[in-house]
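Engineer: query-v1.cif (mmCIF, C-alpha atoms) pasted underneath:
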data_protein
loop_
_atom_site.label_atom_id
_atom_site.label_comp_id
_atom_site.auth_asym_id
_atom_site.auth_seq_id
_atom_site.Cartn_x
_atom_site.Cartn_y
_atom_site.Cartn_z
CA MET D 1 57.07 39.38 12.64
CA GLN D 2 57.95 39.34 8.96
CA TYR D 3 60.85 41.47 7.87
CA PHE D 4 60.15 41.76 4.17
CA CYS D 5 59.37 45.34 3.29
CA ASN D 6 59.12 46.17 -0.35
CA ASN D 7 60.87 46.47 -3.68
CA ILE D 8 62.48 49.76 -4.61
CA PHE D 9 61.56 49.32 -8.29
CA SER D 10 57.88 48.52 -7.70
CA SER D 11 54.72 50.64 -7.46
CA ILE D 12 55.88 53.38 -9.77
CA PRO D 13 52.95 55.45 -11.07
CA ARG D 14 52.57 55.48 -14.84
CA GLN D 15 51.89 59.20 -14.86
CA LEU D 16 54.04 61.60 -12.88
CA SER D 17 52.81 65.15 -13.09
CA GLU D 18 55.23 66.06 -10.32
CA GLU D 19 58.31 64.49 -8.85
CA LEU D 20 57.29 61.81 -6.33
CA THR D 21 59.01 61.58 -2.95
CA GLU D 22 58.22 58.70 -0.58
CA THR D 23 59.70 58.14 2.86
CA ILE D 24 60.94 54.60 3.28
CA LEU D 25 62.43 54.92 6.74
CA ARG D 26 62.32 57.75 9.23
CA GLY D 27 64.41 57.84 12.39
CA GLU D 28 65.74 60.59 14.58
CA ASN D 29 69.11 60.60 12.83
CA VAL D 30 68.28 59.31 9.38
CA LYS D 31 65.56 59.53 6.78
CA ILE D 32 65.60 57.32 3.70
CA GLU D 33 63.54 58.36 0.70
CA ARG D 34 62.72 57.05 -2.74
CA ILE D 35 62.34 59.82 -5.28
CA ILE D 36 60.97 59.32 -8.80
CA SER D 37 61.51 61.95 -11.45
CA LYS D 38 60.86 61.87 -15.18
CA GLY D 39 61.95 65.06 -16.84
CA HIS D 40 61.43 66.98 -13.60
CA THR D 41 64.02 69.53 -12.52
CA THR D 42 64.49 72.07 -9.77
CA PRO D 43 62.58 75.22 -10.74
CA GLU D 44 64.66 77.79 -12.62
CA GLY D 45 66.84 79.86 -10.31
CA GLU D 46 66.13 77.75 -7.21
CA TRP D 47 68.68 75.79 -5.18
CA TYR D 48 68.37 73.09 -2.57
CA ASP D 49 70.03 74.30 0.63
CA GLN D 50 69.55 71.52 3.18
CA ASP D 51 70.19 71.41 6.91
CA GLN D 52 71.16 67.76 6.69
CA ASP D 53 73.87 65.88 4.87
CA GLU D 54 72.58 63.80 1.98
CA TRP D 55 73.89 60.66 0.37
CA VAL D 56 72.13 60.02 -2.91
CA LEU D 57 72.24 57.06 -5.28
CA LEU D 58 70.71 57.08 -8.74
CA LEU D 59 69.27 53.57 -9.04
CA GLN D 60 67.82 53.94 -12.52
CA GLY D 61 67.84 56.56 -15.26
CA GLN D 62 70.04 59.54 -16.03
CA ALA D 63 70.29 62.98 -14.48
CA ILE D 64 72.42 66.10 -14.26
CA LEU D 65 73.04 67.84 -10.95
CA ALA D 66 74.43 71.35 -10.65
CA PHE D 67 76.37 72.73 -7.69
CA GLU D 68 76.66 76.42 -7.03
CA ASP D 69 80.37 76.18 -6.27
CA SER D 70 81.35 73.50 -8.74
CA LYS D 71 80.80 71.90 -12.11
CA THR D 72 77.65 70.12 -13.13
CA THR D 73 77.72 66.36 -12.63
CA ASN D 74 76.25 63.84 -15.06
CA LEU D 75 74.83 60.79 -13.33
CA VAL D 76 73.99 57.38 -14.73
CA SER D 77 72.45 54.36 -13.06
CA GLY D 78 74.49 53.35 -10.02
CA ASP D 79 76.24 56.69 -9.49
CA TYR D 80 76.22 58.03 -5.96
CA LEU D 81 77.15 61.31 -4.35
CA TYR D 82 77.63 62.76 -0.91
CA ILE D 83 76.24 66.27 -0.56
CA PRO D 84 77.15 67.94 2.74
CA ALA D 85 74.55 70.15 4.45
CA HIS D 86 74.20 73.61 2.92
CA VAL D 87 76.01 72.75 -0.28
CA ARG D 88 73.66 74.45 -2.69
CA HIS D 89 72.66 72.22 -5.56
CA ARG D 90 69.88 71.71 -8.05
CA VAL D 91 68.61 69.06 -10.42
CA GLU D 92 69.42 70.50 -13.82
CA TRP D 93 68.00 67.69 -15.92
CA THR D 94 66.40 64.27 -15.60
CA ASP D 95 65.64 61.87 -18.41
CA PRO D 96 62.13 62.63 -19.70
CA GLU D 97 61.88 59.21 -21.40
CA ARG D 98 62.54 56.96 -18.43
CA ASP D 99 61.77 57.02 -14.71
CA CYS D 100 64.70 58.20 -12.64
CA ILE D 101 64.72 56.34 -9.33
CA TRP D 102 66.76 57.99 -6.60
CA LEU D 103 67.59 56.68 -3.18
CA ALA D 104 68.28 59.57 -0.80
CA VAL D 105 69.67 59.12 2.70
CA HIS D 106 69.35 62.29 4.78
CA ILE D 107 71.63 62.31 7.79
CA ASN D 108 71.60 64.42 10.94
CA GLN D 109 75.18 64.82 12.00
CA PRO D 110 75.69 65.67 15.67
CA MET S 1 85.25 70.71 -5.00
CA GLN S 2 83.76 68.00 -7.20
CA TYR S 3 80.91 66.01 -5.72
CA PHE S 4 81.01 62.95 -7.94
CA CYS S 5 81.91 59.95 -5.86
CA ASN S 6 81.62 56.61 -7.54
CA ASN S 7 79.38 54.00 -9.11
CA ILE S 8 77.89 51.31 -6.91
CA PHE S 9 78.15 48.70 -9.70
CA SER S 10 81.81 49.39 -10.54
CA SER S 11 85.11 47.96 -9.31
CA ILE S 12 83.80 44.53 -8.47
CA PRO S 13 86.64 42.00 -8.18
CA ARG S 14 86.39 39.06 -10.58
CA GLN S 15 87.34 36.62 -7.86
CA LEU S 16 85.76 36.76 -4.44
CA SER S 17 87.21 34.22 -2.06
CA GLU S 18 85.35 35.94 0.78
CA GLU S 19 82.43 38.31 1.00
CA LEU S 20 83.65 41.86 0.36
CA THR S 21 82.49 44.73 2.58
CA GLU S 22 83.45 48.33 1.73
CA THR S 23 82.52 51.43 3.69
CA ILE S 24 81.08 54.13 1.44
CA LEU S 25 80.22 56.68 4.11
CA ARG S 26 80.95 56.75 7.80
CA GLY S 27 79.43 59.26 10.19
CA GLU S 28 78.68 59.28 13.89
CA ASN S 29 75.09 58.20 13.35
CA VAL S 30 75.24 56.33 10.07
CA LYS S 31 77.50 53.98 8.18
CA ILE S 32 76.78 53.06 4.56
CA GLU S 33 78.40 49.94 3.14
CA ARG S 34 78.52 48.08 -0.13
CA ILE S 35 78.69 44.33 0.34
CA ILE S 36 79.42 41.86 -2.47
CA SER S 37 78.66 38.21 -2.03
CA LYS S 38 78.67 35.35 -4.52
CA GLY S 39 77.58 32.12 -2.96
CA HIS S 40 78.77 33.34 0.46
CA THR S 41 76.60 32.73 3.50
CA THR S 42 76.78 33.24 7.23
CA PRO S 43 78.74 30.33 8.72
CA GLU S 44 76.59 27.41 9.86
CA GLY S 45 75.00 28.01 13.24
CA GLU S 46 76.05 31.67 13.45
CA TRP S 47 73.73 34.68 13.64
CA TYR S 48 74.25 38.39 13.16
CA ASP S 49 73.23 40.19 16.35
CA GLN S 50 73.92 43.86 15.75
CA ASP S 51 73.90 46.84 18.10
CA GLN S 52 72.62 49.09 15.33
CA ASP S 53 69.51 49.12 13.21
CA GLU S 54 70.16 48.14 9.59
CA TRP S 55 68.35 49.03 6.41
CA VAL S 56 69.49 46.80 3.58
CA LEU S 57 68.75 46.89 -0.13
CA LEU S 58 69.69 44.10 -2.54
CA LEU S 59 70.78 46.01 -5.64
CA GLN S 60 71.66 42.99 -7.76
CA GLY S 61 71.38 39.23 -7.47
CA GLN S 62 69.33 36.91 -5.31
CA ALA S 63 69.60 35.91 -1.67
CA ILE S 64 67.78 34.25 1.20
CA LEU S 65 67.85 35.71 4.69
CA ALA S 66 66.80 33.79 7.79
CA PHE S 67 65.51 35.31 11.01
CA GLU S 68 65.62 33.47 14.31
CA ASP S 69 62.07 34.48 15.21
CA SER S 70 60.49 34.40 11.77
CA LYS S 71 60.34 32.81 8.36
CA THR S 72 63.14 32.94 5.84
CA THR S 73 62.86 35.73 3.29
CA ASN S 74 63.71 35.38 -0.40
CA LEU S 75 65.16 38.54 -1.88
CA VAL S 76 65.49 39.59 -5.50
CA SER S 77 67.05 42.68 -7.01
CA GLY S 78 65.46 45.81 -5.55
CA ASP S 79 64.09 44.21 -2.39
CA TYR S 80 64.80 46.05 0.83
CA LEU S 81 64.41 45.25 4.51
CA TYR S 82 64.62 46.98 7.83
CA ILE S 83 66.32 44.90 10.51
CA PRO S 84 66.09 46.42 13.99
CA ALA S 85 69.09 46.11 16.31
CA HIS S 86 69.46 42.70 17.95
CA VAL S 87 67.09 40.95 15.60
CA ARG S 88 69.12 37.83 15.01
CA HIS S 89 69.46 37.00 11.34
CA ARG S 90 71.74 35.20 8.93
CA VAL S 91 72.40 34.99 5.22
CA GLU S 92 71.16 31.53 4.35
CA TRP S 93 71.99 31.61 0.64
CA THR S 94 73.34 33.93 -2.04
CA ASP S 95 73.43 33.25 -5.76
CA PRO S 96 76.74 31.52 -6.56
CA GLU S 97 76.45 32.39 -10.26
CA ARG S 98 76.11 36.15 -10.02
CA ASP S 99 77.48 38.89 -7.79
CA CYS S 100 75.03 39.94 -5.11
CA ILE S 101 75.42 43.66 -4.46
CA TRP S 102 73.99 44.85 -1.16
CA LEU S 103 73.64 48.37 0.11
CA ALA S 104 73.59 48.39 3.92
CA VAL S 105 72.76 51.47 5.98
CA HIS S 106 73.66 51.00 9.65
CA ILE S 107 71.91 53.46 11.92
CA ASN S 108 72.62 54.51 15.50
CA GLN S 109 69.32 55.37 17.06
CA PRO S 110 69.50 57.67 20.07
#
Can you give me the file's structure in the form of structure tokens?

Structural biologist:
Amino acid sequence: MQYFCNNIFSSIPRQLSEELTETILRGENVKIERIISKGHTTPEGEWYDQDQDEWVLLLQGQAILAFEDSKTTNLVSGDYLYIPAHVRHRVEWTDPERDCIWLAVHINQP
Amino acid sequence: MQYFCNNIFSSIPRQLSEELTETILRGENVKIERIISKGHTTPEGEWYDQDQDEWVLLLQGQAILAFEDSKTTNLVSGDYLYIPAHVRHRVEWTDPERDCIWLAVHINQP
């Protein structure tokens, strides 16, 4: 068996008509995703309201997240956040000039 | 509540006499760590043999991992691996000239 998997910065499509979400690892308790956005945002008036906790790391690019019960948060490369389940949030802005690469870890808490 | 946490590339000590492991998130099913190494390796003849699955991403730097039942694996920035529980492995080499920043996600599978 060979344990090399992949590179998180590779195989990024040149054109992204929509945000791209790829599952890297899926287990019963955890799902790890790579998400690529480039100017994409959460549709006007919509909020993410997730059943799972999420830990998210912006690996590349810039973005602004909004939380229903808090201030907006500006993110730059390397910034990470913990978003508990059912904390309503949305992507307010992502850099339209450069791919935003997110690593999202979705966690089922018992 | 403010959801901004931290930056994964910040607060790196200038001197690292030993490898530095910091817990970013700890839950019942998942633990996320940042690990900084700079020339540090697993002691000669020792192997990691972990009870949990591990997903590891090299965010910065270069490293070589060895697996008891497989070839060694050269890693560069952005490379990620999935290491199932009890797959014996060791860090054979890390770049002594530059901080290696690892993100490790330890997962309890049911």

Engineer: How would you write, as a CSV table (one decimal) with C-alpha atoms, in the frame of the given file, the residues chosen by the PyMOL selection byres ((chain D) within 7 of (chain S)) on this structure?

Structural biologist:
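Saved the output as selection39.csv:
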chain,number,residue,atom,x,y,z
D,1,MET,CA,57.1,39.4,12.6
D,2,GLN,CA,58.0,39.3,9.0
D,3,TYR,CA,60.8,41.5,7.9
D,4,PHE,CA,60.2,41.8,4.2
D,5,CYS,CA,59.4,45.3,3.3
D,6,ASN,CA,59.1,46.2,-0.4
D,7,ASN,CA,60.9,46.5,-3.7
D,8,ILE,CA,62.5,49.8,-4.6
D,9,PHE,CA,61.6,49.3,-8.3
D,28,GLU,CA,65.7,60.6,14.6
D,29,ASN,CA,69.1,60.6,12.8
D,70,SER,CA,81.4,73.5,-8.7
D,71,LYS,CA,80.8,71.9,-12.1
D,73,THR,CA,77.7,66.4,-12.6
D,78,GLY,CA,74.5,53.4,-10.0
D,79,ASP,CA,76.2,56.7,-9.5
D,80,TYR,CA,76.2,58.0,-6.0
D,81,LEU,CA,77.2,61.3,-4.4
D,82,TYR,CA,77.6,62.8,-0.9
D,83,ILE,CA,76.2,66.3,-0.6
D,109,GLN,CA,75.2,64.8,12.0

Engineer: Counting all atoms listed in the file, which residue out of D:Pro13, D:Ser37, D:Glu22, D:Glu68 sits closest to Glu97 of chain D?

Structural biologist: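 When distances to Glu97 of chain D are compared using all atoms listed in the file, the smallest one comes from D:Ser37.
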
Engineer: Suppose a student applies the PyMOL selection byres ((chain D and resi 93) around 10) to this structure; what residues should they get, written as a PyMOL selection string?

Structural biologist: chain D and resi 37-42+62-66+74+90-92+94-96

Engineer: (66.8, 47.5, 19.1) in this file's frame - what residues fall within 8 Å of it? Use only C-alpha atoms and give the answer as a list of chain:residue names.

Structural biologist: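 Using only C-alpha atoms, the matching residues come out as S:Asp51, S:Gln52, S:Asp53, S:Pro84, S:Ala85, S:His86, S:Val87.
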
Engineer: For a quick check of understanding, using only C-alpha atoms, which of S:Arg98, S:Arg88, S:Ala104, S:Tyr48 has the smallest distance to Ile12 of chain S?

Structural biologist: S:Arg98

Engineer: Which distance in Å separates atom CA of Thr23 of chain S and atom CA of Asp99 of chain D, to one decimal?

Structural biologist: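 Atom CA of Asp99 of chain D lies 28.3 Å from atom CA of Thr23 of chain S.
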
Engineer: Could you jot down the atom CA of Gly61 of chain D to atom CA of Pro43 of chain D separation for me, Å, one decimal place?

Structural biologist: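 Here the two named atoms are 19.9 Å from each other.
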
Engineer: Atom CA of Thr21 of chain D and atom CA of Trp102 of chain D are how many Å apart?

Structural biologist: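 If I compute the distance from atom CA of Thr21 of chain D to atom CA of Trp102 of chain D, I get 9.3 Å.
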
Engineer: Find, counting all atoms listed in the file, the residue in D:Ile36, D:His89, D:Cys100, D:Glu46 that gets nearest to Glu18 of chain D.

Structural biologist: D:Ile36

Engineer: Is there a way to complete segment 76-87 of chain D with all heavy atoms and then write that out as an mmCIF file, in the frame of the given file?

Structural biologist:
data_model
loop_
_atom_site.group_PDB
_atom_site.id
_atom_site.type_symbol
_atom_site.label_atom_id
_atom_site.label_comp_id
_atom_site.auth_asym_id
_atom_site.auth_seq_id
_atom_site.Cartn_x
_atom_site.Cartn_y
_atom_site.Cartn_z
ATOM 1 N N VAL D 76 74.656 58.523 -14.109
ATOM 2 C CA VAL D 76 73.990 57.380 -14.730
ATOM 3 C C VAL D 76 73.648 56.376 -13.634
ATOM 4 O O VAL D 76 74.075 56.531 -12.488
ATOM 5 C CB VAL D 76 74.877 56.718 -15.815
ATOM 6 C CG1 VAL D 76 75.161 57.686 -16.945
ATOM 7 C CG2 VAL D 76 76.171 56.188 -15.211
ATOM 8 N N SER D 77 72.897 55.369 -14.021
ATOM 9 C CA SER D 77 72.450 54.360 -13.060
ATOM 10 C C SER D 77 73.616 53.820 -12.224
ATOM 11 O O SER D 77 74.625 53.375 -12.773
ATOM 12 C CB SER D 77 71.773 53.232 -13.846
ATOM 13 O OG SER D 77 71.464 52.171 -13.002
ATOM 14 N N GLY D 78 73.466 53.872 -10.923
ATOM 15 C CA GLY D 78 74.490 53.350 -10.020
ATOM 16 C C GLY D 78 75.394 54.425 -9.438
ATOM 17 O O GLY D 78 76.109 54.170 -8.471
ATOM 18 N N ASP D 79 75.377 55.622 -10.013
ATOM 19 C CA ASP D 79 76.240 56.690 -9.490
ATOM 20 C C ASP D 79 75.708 57.195 -8.162
ATOM 21 O O ASP D 79 74.501 57.346 -7.972
ATOM 22 C CB ASP D 79 76.306 57.864 -10.476
ATOM 23 C CG ASP D 79 77.216 57.588 -11.658
ATOM 24 O OD1 ASP D 79 78.005 56.626 -11.604
ATOM 25 O OD2 ASP D 79 77.133 58.347 -12.649
ATOM 26 N N TYR D 80 76.624 57.471 -7.248
ATOM 27 C CA TYR D 80 76.220 58.030 -5.960
ATOM 28 C C TYR D 80 77.099 59.210 -5.593
ATOM 29 O O TYR D 80 78.229 59.347 -6.078
ATOM 30 C CB TYR D 80 76.220 56.980 -4.855
ATOM 31 C CG TYR D 80 77.541 56.299 -4.576
ATOM 32 C CD1 TYR D 80 78.513 56.911 -3.794
ATOM 33 C CD2 TYR D 80 77.806 55.032 -5.069
ATOM 34 C CE1 TYR D 80 79.709 56.282 -3.516
ATOM 35 C CE2 TYR D 80 78.998 54.390 -4.800
ATOM 36 C CZ TYR D 80 79.948 55.024 -4.018
ATOM 37 O OH TYR D 80 81.130 54.396 -3.757
ATOM 38 N N LEU D 81 76.551 60.035 -4.733
ATOM 39 C CA LEU D 81 77.150 61.310 -4.350
ATOM 40 C C LEU D 81 76.925 61.572 -2.868
ATOM 41 O O LEU D 81 75.866 61.214 -2.334
ATOM 42 C CB LEU D 81 76.407 62.450 -5.028
ATOM 43 C CG LEU D 81 76.639 62.805 -6.453
ATOM 44 C CD1 LEU D 81 75.557 63.800 -6.855
ATOM 45 C CD2 LEU D 81 77.999 63.424 -6.623
ATOM 46 N N TYR D 82 77.835 62.269 -2.273
ATOM 47 C CA TYR D 82 77.630 62.760 -0.910
ATOM 48 C C TYR D 82 77.540 64.285 -0.992
ATOM 49 O O TYR D 82 78.436 64.938 -1.542
ATOM 50 C CB TYR D 82 78.808 62.345 -0.035
ATOM 51 C CG TYR D 82 78.747 62.894 1.350
ATOM 52 C CD1 TYR D 82 77.729 62.531 2.219
ATOM 53 C CD2 TYR D 82 79.720 63.776 1.805
ATOM 54 C CE1 TYR D 82 77.677 63.036 3.502
ATOM 55 C CE2 TYR D 82 79.680 64.281 3.091
ATOM 56 C CZ TYR D 82 78.655 63.903 3.932
ATOM 57 O OH TYR D 82 78.597 64.400 5.200
ATOM 58 N N ILE D 83 76.461 64.820 -0.488
ATOM 59 C CA ILE D 83 76.240 66.270 -0.560
ATOM 60 C C ILE D 83 76.143 66.810 0.870
ATOM 61 O O ILE D 83 75.115 66.623 1.538
ATOM 62 C CB ILE D 83 74.949 66.598 -1.339
ATOM 63 C CG1 ILE D 83 74.965 65.918 -2.720
ATOM 64 C CG2 ILE D 83 74.786 68.114 -1.484
ATOM 65 C CD1 ILE D 83 73.654 66.041 -3.495
ATOM 66 N N PRO D 84 77.189 67.436 1.365
ATOM 67 C CA PRO D 84 77.150 67.940 2.740
ATOM 68 C C PRO D 84 76.044 68.997 2.907
ATOM 69 O O PRO D 84 75.628 69.647 1.935
ATOM 70 C CB PRO D 84 78.536 68.581 2.930
ATOM 71 C CG PRO D 84 79.404 67.938 1.892
ATOM 72 C CD PRO D 84 78.496 67.675 0.721
ATOM 73 N N ALA D 85 75.577 69.141 4.144
ATOM 74 C CA ALA D 85 74.550 70.150 4.450
ATOM 75 C C ALA D 85 74.993 71.507 3.912
ATOM 76 O O ALA D 85 76.171 71.864 3.950
ATOM 77 C CB ALA D 85 74.347 70.218 5.963
ATOM 78 N N HIS D 86 74.032 72.233 3.401
ATOM 79 C CA HIS D 86 74.200 73.610 2.920
ATOM 80 C C HIS D 86 75.098 73.758 1.685
ATOM 81 O O HIS D 86 75.499 74.871 1.348
ATOM 82 C CB HIS D 86 74.672 74.533 4.059
ATOM 83 C CG HIS D 86 73.658 74.585 5.172
ATOM 84 N ND1 HIS D 86 72.380 75.046 4.979
ATOM 85 C CD2 HIS D 86 73.731 74.170 6.463
ATOM 86 C CE1 HIS D 86 71.703 74.929 6.114
ATOM 87 N NE2 HIS D 86 72.487 74.395 7.017
ATOM 88 N N VAL D 87 75.414 72.645 1.055
ATOM 89 C CA VAL D 87 76.010 72.750 -0.280
ATOM 90 C C VAL D 87 74.858 72.940 -1.259
ATOM 91 O O VAL D 87 74.016 72.052 -1.430
ATOM 92 C CB VAL D 87 76.827 71.490 -0.627
ATOM 93 C CG1 VAL D 87 77.145 71.446 -2.119
ATOM 94 C CG2 VAL D 87 78.114 71.460 0.184
#
